[in-house]
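Shown next: work.cif, containing mmCIF, C-alpha atoms.
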data_target
#
loop_
_atom_site.label_atom_id
_atom_site.label_comp_id
_atom_site.auth_asym_id
_atom_site.auth_seq_id
_atom_site.Cartn_x
_atom_site.Cartn_y
_atom_site.Cartn_z
CA MET E 121 -14.87 6.40 33.29
CA ILE E 122 -13.00 3.67 35.15
CA ASP E 123 -15.63 0.96 34.92
CA GLN E 124 -16.71 1.94 31.48
CA ASN E 125 -17.22 -0.87 29.05
CA ILE E 126 -14.77 -0.58 26.17
CA VAL E 127 -15.06 -2.78 23.11
CA LYS E 128 -11.92 -2.92 21.00
CA VAL E 129 -11.85 -3.35 17.27
CA SER E 130 -8.48 -4.34 15.84
CA MET E 131 -7.20 -4.05 12.30
CA ALA E 132 -9.39 -5.86 9.73
CA ASP E 133 -11.96 -6.51 12.45
CA LEU E 134 -15.52 -5.48 13.32
CA ASN E 135 -17.62 -5.49 16.44
CA VAL E 136 -20.79 -4.11 18.00
CA ILE E 137 -21.72 -2.53 21.32
CA GLN E 138 -25.07 -2.14 23.06
CA ARG E 139 -26.59 0.25 25.61
CA SER E 140 -23.50 1.94 27.08
CA GLY E 141 -19.76 2.19 26.80
CA LEU E 142 -17.24 2.93 24.10
CA ILE E 143 -16.22 1.13 20.97
CA ARG E 144 -12.68 1.94 19.89
CA THR E 145 -10.10 1.31 17.21
CA SER E 146 -6.51 2.56 17.48
CA GLY E 147 -3.87 3.72 15.06
CA LEU E 148 -5.84 4.19 11.86
CA GLY E 149 -3.54 5.23 9.03
CA SER E 150 -4.70 4.50 5.52
CA CYS E 151 -7.34 2.24 7.06
CA VAL E 152 -10.82 3.63 7.62
CA GLY E 153 -12.75 3.32 10.86
CA LEU E 154 -16.46 3.39 10.11
CA THR E 155 -19.26 3.39 12.65
CA MET E 156 -22.97 2.82 12.33
CA TYR E 157 -25.09 4.15 15.16
CA ASP E 158 -28.65 3.52 16.22
CA PRO E 159 -29.78 6.44 18.43
CA VAL E 160 -33.05 4.73 19.34
CA LEU E 161 -31.66 1.51 20.79
CA HIS E 162 -28.28 3.06 21.68
CA GLN E 163 -26.27 0.47 19.92
CA ALA E 164 -23.44 0.82 17.49
CA GLY E 165 -21.04 -1.09 15.32
CA MET E 166 -17.54 -0.33 14.11
CA VAL E 167 -15.29 -1.71 11.36
CA HIS E 168 -11.57 -1.17 10.80
CA VAL E 169 -11.39 -1.47 7.02
CA MET E 170 -7.99 -2.10 5.49
CA LEU E 171 -8.64 -2.39 1.75
CA PRO E 172 -11.29 -0.96 -0.60
CA SER E 173 -12.49 -4.06 -2.41
CA SER E 174 -12.74 -7.82 -1.92
CA THR E 175 -12.61 -8.46 -5.65
CA ILE E 176 -8.82 -8.78 -5.50
CA VAL E 177 -8.87 -11.73 -3.08
CA ARG E 178 -6.65 -14.54 -4.31
CA GLY E 179 -8.18 -17.75 -3.02
CA GLY E 180 -8.27 -19.02 0.52
CA GLU E 181 -10.57 -17.95 3.30
CA MET E 182 -11.72 -14.40 3.24
CA ASN E 183 -11.91 -12.09 6.21
CA ILE E 184 -14.94 -10.02 5.33
CA ALA E 185 -14.10 -7.36 7.93
CA LYS E 186 -11.04 -6.37 5.93
CA TYR E 187 -12.70 -4.94 2.83
CA ALA E 188 -15.03 -1.97 2.61
CA ASP E 189 -17.44 -3.67 0.20
CA THR E 190 -17.94 -6.72 2.45
CA ALA E 191 -17.41 -5.29 5.95
CA LEU E 192 -20.11 -2.65 5.77
CA PRO E 193 -22.94 -5.02 4.74
CA GLU E 194 -21.81 -7.41 7.51
CA LEU E 195 -21.88 -4.63 10.09
CA LEU E 196 -25.36 -3.65 8.97
CA LYS E 197 -26.47 -7.27 9.23
CA ARG E 198 -25.13 -7.53 12.78
CA LEU E 199 -26.99 -4.39 13.85
CA LEU E 200 -30.22 -5.55 12.24
CA GLU E 201 -29.88 -8.85 14.09
CA LEU E 202 -29.65 -6.87 17.32
CA GLY E 203 -32.98 -5.25 16.52
CA SER E 204 -31.98 -2.00 14.85
CA SER E 205 -34.10 -0.81 11.99
CA LYS E 206 -32.20 0.37 8.98
CA SER E 207 -33.99 3.71 8.81
CA ASN E 208 -32.57 4.71 12.21
CA LEU E 209 -28.95 4.03 11.42
CA VAL E 210 -26.44 6.77 10.68
CA ALA E 211 -22.77 6.39 9.78
CA LYS E 212 -19.61 8.30 10.68
CA MET E 213 -16.10 7.58 9.58
CA ALA E 214 -12.48 8.64 10.01
CA GLY E 215 -9.07 7.66 8.70
CA GLY E 216 -8.07 7.06 5.10
CA SER E 217 -4.93 9.16 5.28
CA GLN E 218 -1.75 8.98 3.24
CA MET E 219 0.88 8.40 5.88
CA PHE E 220 3.81 8.76 3.52
CA ALA E 221 3.76 11.22 0.69
CA PHE E 222 5.94 10.14 -2.19
CA GLY E 223 5.90 8.17 -5.39
CA GLY E 224 6.34 4.49 -6.01
CA ASN E 225 3.52 2.04 -6.36
CA ASN E 226 0.65 4.40 -7.06
CA ASP E 227 -2.19 2.07 -6.21
CA THR E 228 -0.78 1.40 -2.78
CA MET E 229 0.02 5.05 -2.22
CA ARG E 230 -3.58 6.01 -2.80
CA ILE E 231 -5.05 3.28 -0.65
CA GLY E 232 -6.33 5.73 2.00
CA PRO E 233 -8.46 7.83 -0.37
CA ARG E 234 -9.59 4.65 -2.12
CA ASN E 235 -10.74 3.14 1.17
CA THR E 236 -12.69 6.31 1.93
CA GLU E 237 -14.28 6.34 -1.49
CA SER E 238 -15.24 2.68 -1.36
CA CYS E 239 -16.87 3.15 2.08
CA LYS E 240 -18.96 6.00 0.68
CA VAL E 241 -20.12 4.02 -2.33
CA THR E 242 -20.96 1.00 -0.19
CA LEU E 243 -22.90 3.12 2.32
CA LYS E 244 -24.85 4.68 -0.50
CA ASN E 245 -25.74 1.26 -1.86
CA LEU E 246 -26.85 0.18 1.59
CA GLY E 247 -28.94 3.33 1.97
CA ILE E 248 -27.32 4.52 5.20
CA PRO E 249 -26.55 8.24 5.45
CA LEU E 250 -23.01 9.37 6.21
CA ILE E 251 -23.52 12.24 8.65
CA ALA E 252 -19.92 13.07 9.54
CA GLU E 253 -16.38 12.26 8.47
CA ASP E 254 -12.81 13.18 9.24
CA THR E 255 -10.75 11.60 6.51
CA GLY E 256 -7.60 12.25 4.52
CA GLY E 257 -4.50 14.11 5.58
CA ASN E 258 -1.20 12.46 6.39
CA PHE E 259 -1.61 11.48 10.02
CA GLY E 260 -2.89 8.64 12.17
CA ARG E 261 -6.07 8.61 14.19
CA THR E 262 -7.63 6.73 17.08
CA ILE E 263 -11.42 6.80 17.22
CA GLU E 264 -13.98 6.02 19.90
CA LEU E 265 -17.74 6.04 19.62
CA ASP E 266 -19.78 6.64 22.75
CA CYS E 267 -22.71 4.30 22.41
CA SER E 268 -24.98 6.30 24.73
CA THR E 269 -24.58 9.58 22.79
CA GLY E 270 -23.39 8.61 19.32
CA ILE E 271 -20.51 11.07 19.57
CA LEU E 272 -17.37 9.99 17.73
CA TYR E 273 -14.18 11.07 19.48
CA ILE E 274 -11.07 11.38 17.32
CA ARG E 275 -7.53 11.69 18.61
CA SER E 276 -4.40 12.31 16.60
CA VAL E 277 -0.80 13.13 17.39
CA GLN E 278 -0.54 16.06 15.02
CA MET E 279 -4.02 17.52 15.02
CA GLY E 280 -5.15 16.95 18.60
CA ALA E 281 -8.64 15.83 19.57
CA LYS E 282 -11.99 16.48 17.97
CA GLU E 283 -15.58 15.29 18.13
CA LEU E 284 -17.95 14.37 15.37
CA MET X 110 -1.63 -18.58 4.79
CA ALA X 111 -0.38 -20.00 1.56
CA VAL X 112 2.85 -18.09 1.17
CA PHE X 113 4.18 -19.17 4.59
CA LYS X 114 2.93 -22.74 4.47
CA ASN X 115 6.08 -24.19 2.94
CA PHE X 116 8.53 -22.30 5.12
CA LYS X 117 10.96 -24.60 6.90
CA GLU X 118 13.28 -23.78 9.71
CA VAL X 119 16.09 -23.24 7.24
CA ASN X 120 14.02 -20.63 5.42
CA MET X 121 13.36 -18.80 8.65
CA ASP X 122 17.08 -18.94 9.43
CA VAL X 123 17.87 -17.40 6.08
CA LEU X 124 15.47 -14.55 6.80
CA LYS X 125 17.10 -14.05 10.18
CA GLU X 126 20.45 -13.84 8.49
CA ILE X 127 19.06 -11.23 6.15
CA GLY X 128 18.04 -9.15 9.17
CA ASN X 129 21.41 -9.79 10.75
CA ILE X 130 23.39 -8.58 7.78
CA GLY X 131 21.20 -5.61 6.97
CA ALA X 132 20.87 -4.30 10.49
CA GLY X 133 24.48 -5.20 11.24
CA ASN X 134 25.67 -2.87 8.53
CA ALA X 135 23.29 -0.17 9.62
CA ALA X 136 24.52 -0.53 13.20
CA THR X 137 28.10 -0.25 12.00
CA ALA X 138 27.21 2.90 10.10
CA LEU X 139 25.58 4.36 13.19
CA SER X 140 28.53 3.33 15.29
CA CYS X 141 30.84 5.23 12.92
CA LEU X 142 28.61 8.27 13.02
CA LEU X 143 28.45 8.29 16.81
CA ASN X 144 31.97 7.01 17.31
CA LYS X 145 30.55 4.61 19.89
CA PRO X 146 29.89 0.89 19.95
CA ILE X 147 26.38 -0.17 19.03
CA ASP X 148 24.92 -3.47 20.20
CA MET X 149 22.45 -5.43 18.25
CA ALA X 150 19.89 -7.98 19.31
CA VAL X 151 19.50 -11.28 17.49
CA PRO X 152 17.03 -10.59 14.68
CA LYS X 153 13.53 -11.95 15.01
CA VAL X 154 11.48 -13.26 12.15
CA GLN X 155 7.85 -13.10 13.04
CA ILE X 156 4.73 -14.15 11.21
CA LEU X 157 2.11 -12.05 12.90
CA ARG X 158 -1.59 -11.42 12.71
CA PHE X 159 -2.22 -7.85 11.56
CA GLU X 160 -3.78 -7.04 14.90
CA ASP X 161 -0.59 -8.04 16.73
CA VAL X 162 1.89 -6.13 14.59
CA ALA X 163 1.58 -2.85 16.47
CA GLU X 164 2.38 -4.67 19.71
CA VAL X 165 5.98 -5.24 18.62
CA VAL X 166 6.55 -1.50 18.77
CA GLY X 167 4.69 -1.03 22.04
CA GLY X 168 1.10 -0.60 20.93
CA ALA X 169 -0.91 0.93 18.10
CA GLU X 170 -1.09 4.34 19.73
CA ARG X 171 2.50 4.72 20.83
CA VAL X 172 4.08 7.74 19.18
CA VAL X 173 7.21 6.86 17.25
CA VAL X 174 9.58 8.47 14.79
CA ALA X 175 9.61 6.38 11.63
CA ILE X 176 11.64 6.56 8.47
CA PHE X 177 10.02 4.53 5.76
CA LEU X 178 11.28 3.59 2.38
CA ARG X 179 9.96 1.31 -0.26
CA VAL X 180 12.37 -1.27 -1.61
CA GLU X 181 12.15 -1.72 -5.35
CA GLY X 182 13.87 -4.10 -7.72
CA ASP X 183 14.03 -7.91 -7.72
CA ALA X 184 12.66 -8.42 -4.23
CA PRO X 185 10.40 -5.50 -3.34
CA GLY X 186 9.25 -4.76 0.17
CA ASN X 187 8.97 -2.11 2.85
CA LEU X 188 11.70 -0.98 5.21
CA PHE X 189 11.02 0.94 8.41
CA PHE X 190 13.52 2.42 10.83
CA ILE X 191 11.68 3.23 14.04
CA LEU X 192 12.89 5.24 17.02
CA SER X 193 11.24 6.41 20.19
CA VAL X 194 10.85 10.19 20.42
CA GLU X 195 13.47 10.25 23.24
CA SER X 196 15.93 8.22 21.18
CA ALA X 197 15.48 10.52 18.21
CA LYS X 198 16.20 13.55 20.40
CA SER X 199 19.24 11.89 21.90
CA LEU X 200 20.51 10.92 18.47
CA LEU X 201 20.14 14.47 17.18
CA LYS X 202 21.97 15.89 20.15
CA ARG X 203 24.95 13.63 19.76
CA LEU X 204 25.14 13.41 16.04
CA ALA X 205 24.20 16.78 14.75
CA GLY X 206 25.15 18.74 17.85
CA LEU X 207 21.75 20.35 17.73
CA ASN X 208 20.51 22.01 20.85
CA ILE X 209 17.37 19.99 21.25
CA SER X 210 14.11 21.29 22.61
CA GLN X 211 12.59 19.16 25.32
CA ASN X 212 9.04 19.04 24.02
CA GLU X 213 7.82 16.26 21.81
CA PHE X 214 7.91 18.31 18.63
CA PHE X 215 10.72 18.60 16.14
CA ASN X 216 11.63 21.68 14.15
CA GLU X 217 12.46 21.65 10.49
CA MET X 218 16.21 21.38 10.97
CA GLU X 219 15.77 18.43 13.32
CA LEU X 220 13.38 16.69 10.97
CA SER X 221 15.78 17.15 8.11
CA ALA X 222 18.66 15.73 10.16
CA LEU X 223 16.53 12.75 11.22
CA ASN X 224 15.57 12.11 7.65
CA GLU X 225 19.22 12.08 6.67
CA ILE X 226 20.18 9.74 9.51
CA GLY X 227 17.35 7.43 8.49
CA ASN X 228 18.49 7.65 4.92
CA ILE X 229 22.07 6.67 5.75
CA LEU X 230 21.09 3.77 8.00
CA SER X 231 18.37 2.38 5.75
CA GLY X 232 20.64 2.74 2.76
CA SER X 233 23.39 0.77 4.41
CA TYR X 234 20.87 -1.86 5.52
CA LEU X 235 19.66 -2.28 2.00
CA SER X 236 22.93 -2.14 0.10
CA SER X 237 24.47 -4.85 2.27
CA LEU X 238 21.40 -6.95 1.62
CA ALA X 239 21.65 -6.44 -2.12
CA ASP X 240 25.34 -7.46 -2.01
CA PHE X 241 24.56 -10.54 0.03
CA THR X 242 21.66 -11.76 -2.06
CA LYS X 243 23.04 -10.59 -5.42
CA LEU X 244 19.57 -9.23 -6.08
CA SER X 245 18.91 -5.76 -7.30
CA MET X 246 17.29 -3.86 -4.44
CA TYR X 247 17.13 -0.13 -4.48
CA PRO X 248 15.41 2.31 -2.17
CA THR X 249 12.92 5.04 -2.94
CA VAL X 250 13.49 8.41 -1.33
CA PRO X 251 12.79 7.91 2.38
CA SER X 252 9.86 9.54 4.03
CA LEU X 253 9.60 10.50 7.68
CA ALA X 254 6.57 10.38 9.94
CA ILE X 255 6.09 11.02 13.63
CA ASP X 256 2.86 9.36 14.50
CA MET X 257 1.04 6.39 16.00
CA ALA X 258 2.93 3.16 15.44
CA GLY X 259 -0.23 1.37 14.31
CA ALA X 260 -0.95 3.92 11.61
CA ILE X 261 2.64 3.76 10.38
CA LEU X 262 3.24 0.03 10.37
CA SER X 263 -0.15 -0.87 8.95
CA TYR X 264 1.00 0.84 5.81
CA GLY X 265 3.70 -1.80 5.44
CA LEU X 266 1.17 -4.63 5.59
CA LEU X 267 -1.07 -3.64 2.71
CA GLN X 268 0.67 -5.97 0.26
CA TYR X 269 -0.36 -8.86 2.49
CA GLY X 270 -3.93 -7.67 2.77
CA ASP X 271 -5.29 -9.43 -0.28
CA MET X 272 -3.89 -12.83 0.65
CA GLY X 273 -4.48 -13.31 4.33
CA ASP X 274 -4.38 -11.77 7.77
CA ASP X 275 -0.72 -12.37 8.55
CA ALA X 276 2.45 -10.58 7.60
CA LEU X 277 6.10 -11.48 8.00
CA LEU X 278 8.43 -9.02 9.68
CA ILE X 279 12.18 -9.23 10.03
CA ASP X 280 12.76 -7.21 13.15
CA THR X 281 16.17 -6.17 14.47
CA MET X 282 16.74 -3.99 17.45
CA PHE X 283 19.91 -2.13 18.30
CA LEU X 284 21.09 -0.30 21.34
CA GLU X 285 23.82 2.11 22.13
CA GLY X 286 25.98 1.06 25.09
CA ASP X 287 24.37 3.39 27.62
CA GLN X 288 20.97 2.74 26.06
CA GLU X 289 20.17 6.34 25.26
CA VAL X 290 19.63 5.44 21.66
CA ASP X 291 17.61 2.42 20.68
CA GLY X 292 15.99 1.75 17.38
CA GLN X 293 14.28 -0.97 15.44
CA PHE X 294 14.49 -1.99 11.83
CA PHE X 295 11.55 -3.72 10.21
CA LEU X 296 11.97 -5.28 6.83
CA ILE X 297 8.65 -6.48 5.45
CA PRO X 298 9.30 -8.24 2.13
CA ASP X 299 6.33 -8.35 -0.23
CA PRO X 300 4.74 -11.81 -0.31
CA ASP X 301 6.06 -12.40 -3.82
CA SER X 302 9.64 -11.62 -2.80
CA PHE X 303 10.24 -14.65 -0.61
CA SER X 304 10.79 -17.14 -3.34
CA LYS X 305 13.35 -14.81 -4.97
CA LEU X 306 15.17 -14.28 -1.70
CA PHE X 307 15.28 -17.99 -0.89
CA LYS X 308 16.38 -18.94 -4.37
CA SER X 309 19.18 -16.42 -4.40
CA LEU X 310 20.47 -17.79 -1.12
CA GLY X 311 20.26 -21.42 -2.11
CA VAL X 312 17.30 -22.63 -0.05
CA PRO X 313 14.38 -22.60 -2.45
CA LEU X 314 10.91 -23.46 -1.21
CA GLU X 315 9.77 -26.98 -1.95
CA ASN X 316 7.10 -26.11 -4.47
CA ASP X 317 9.31 -23.73 -6.44
#
How would this structure read if it were set down as structure tokens?
Amino acid sequence: MIDQNIVKVSMADLNVIQRSGLIRTSGLGSCVGLTMYDPVLHQAGMVHVMLPSSTIVRGGEMNIAKYADTALPELLKRLLELGSSKSNLVAKMAGGSQMFAFGGNNDTMRIGPRNTESCKVTLKNLGIPLIAEDTGGNFGRTIELDCSTGILYIRSVQMGAKEL
Amino acid sequence: MAVFKNFKEVNMDVLKEIGNIGAGNAATALSCLLNKPIDMAVPKVQILRFEDVAEVVGGAERVVVAIFLRVEGDAPGNLFFILSVESAKSLLKRLAGLNISQNEFFNEMELSALNEIGNILSGSYLSSLADFTKLSMYPTVPSLAIDMAGAILSYGLLQYGDMGDDALLIDTMFLEGDQEVDGQFFLIPDPDSFSKLFKSLGVPLEND
């Protein structure tokens, strides 16, 4: 484990990993961590999506890794560039929780479920199957995908560890 | 990003003062509750990339006790009061006289007491700020979470998400004399609140 290659993905960020090692994102709350995995070439990509849709962007430069509707196509593009074929790719995701459960600005409150929903719609449009998910709840998650096996490891403070 | 582009040093100083007054009052309230002096660090105003925000509380995965409330009114925003698990235990022991378990979990009574402490401190932070700025600022009912700092704080950044990759935090730390209790306040004004805050304090932004 010590020399293992670990690729980190921070908030509103995306990255890819090839052959071996782990790709990780930490402290997902209402954000969604989505992975696409190619079991043939053993390569994977991960996004840490913060918001459901890029249509709300008010001018300026846009970080496409931040929004579900732009980050997922970009991740797919990156994997295709690395030689993956679309028919081999499968997706897993986790996160999208509601960290604080009370009223106020409703749109913001529901951002976790909306992120999850937007990821699903975008995946469907891209034609990539979602084979596992651990979303919702009111707790944070850290996720790690093992690029040699495709297993997604999920850790949380309240619910312990699980594998997808 | 656009909203921070016109900030001058004087604007940053005003935000620091906001942190100073808010956290100062909260520290006084805590000091009264504990009957002990509470020290406070000079507030920091930081414009941070999203990815760096969790670092100011010791990393995205660090487990913290957080009381969050949404500020509503003229200058909306998010207010977090964050404690380490050890500090929260220590606070409960001294304040509520609860016989605290040593594991990292909290029972219902302890959670309720923490919520109330957070409520008192955040409330005094906010009411002093409303007095100072003459703006109407009122809190929602606070909510408590014990979880990864990254998951908690990222929630406070969502309002910035559609305009850039940076957020502004007014961060004030306080310490009890023997350092058994330390906590951090984060006030994260919504992007649209800055011009109101600056105007009310007499240092409007140039393009306003």
At a cut-off of 12 Å, using all atoms listed in the file, what residues contact Ile231 in chain E? Leave out same-chain residues fewer than 4 positions from it and give the result as a PyMOL selection string.
(chain E and resi 149-152+169-173+187-188+215-221+225-227+235-238+256) or (chain X and resi 263-268+270)
Taking all atoms listed in the file into account, what are the residues of chain E at most 7 Å from chain X, put as a list of chain:residue names?
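So the residues of chain E near chain X are E:Ser130, E:Met131, E:Ser146, E:Gly147, E:Leu148, E:Gly149, E:Ser150, E:Ile176, E:Val177, E:Arg178, E:Met219, E:Phe220, E:Phe259, E:Gly260, E:Val277.
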Computed interatomic separation between CA of Met121 in chain X and CA of Ser237 in chain X (Å)
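It comes out at 18.9 Å.
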If I take CA of Glu225 in chain X and CA of Leu238 in chain X, how far is one from the other in Å, to one decimal?
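Atom-to-atom, CA of Glu225 in chain X and CA of Leu238 in chain X are spaced 19.8 Å apart.
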Convert the output of the PyMOL selection byres ((chain X and resi 195-203) around 12) on the shown file into explicit residues, formatted as a PyMOL selection string.
chain X and resi 139-140+142-145+172-176+190-194+204-216+218-227+255+283-285+287-293
Can you measure CA of Leu157 in chain X to CA of His168 in chain E for me? One decimal in Å is fine.
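Going from CA of Leu157 in chain X over to CA of His168 in chain E covers 17.6 Å.
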Distance query Leu154 in chain E at most 9 Å, all atoms listed in the file, self and fewer than 5 positions along chain excluded, as a PDB file with C-alpha atoms, in the coordinates of the input:
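See around-v3.pdb below for the written result:
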ATOM      1  CA  GLY E 165     -21.040  -1.090  15.320  1.00  0.00           C
ATOM      2  CA  MET E 166     -17.540  -0.330  14.110  1.00  0.00           C
ATOM      3  CA  VAL E 167     -15.290  -1.710  11.360  1.00  0.00           C
ATOM      4  CA  HIS E 168     -11.570  -1.170  10.800  1.00  0.00           C
ATOM      5  CA  VAL E 169     -11.390  -1.470   7.020  1.00  0.00           C
ATOM      6  CA  LEU E 192     -20.110  -2.650   5.770  1.00  0.00           C
ATOM      7  CA  ALA E 211     -22.770   6.390   9.780  1.00  0.00           C
ATOM      8  CA  LYS E 212     -19.610   8.300  10.680  1.00  0.00           C
ATOM      9  CA  MET E 213     -16.100   7.580   9.580  1.00  0.00           C
ATOM     10  CA  ALA E 214     -12.480   8.640  10.010  1.00  0.00           C
ATOM     11  CA  GLY E 215      -9.070   7.660   8.700  1.00  0.00           C
ATOM     12  CA  CYS E 239     -16.870   3.150   2.080  1.00  0.00           C
TER      13      CYS E 239
END
Between E:Leu284, E:Leu272, E:Ala132, E:Ile263, single out the one closest to Thr190 in chain E, counting only C-alpha atoms.
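So, comparing all the options, the nearest one is E:Ala132.
What the PyMOL selection byres ((chain E and resi 129) around 6) grabs from this file is Lys128, Ser130, Asp133, Leu134, Arg144 and Thr145 of chain E.
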Counting only C-alpha atoms, which residues come within 12 Å of (22.8, 0.2, 1.3), with the point read in the file's coordinates, and could you list them as an NGL selection string?
:X and (130-135 or 137-138 or 180 or 188 or 227-241 or 245-249)
Just want the 12 Å neighbourhood of Tyr157 in chain E, counted on all atoms listed in the file, with same-chain residues fewer than 5 positions away dropped. Output as number ranges by chain.
E: 136-139, 142-143, 162-166, 195-196, 198-200, 204-213, 248-252, 265-272
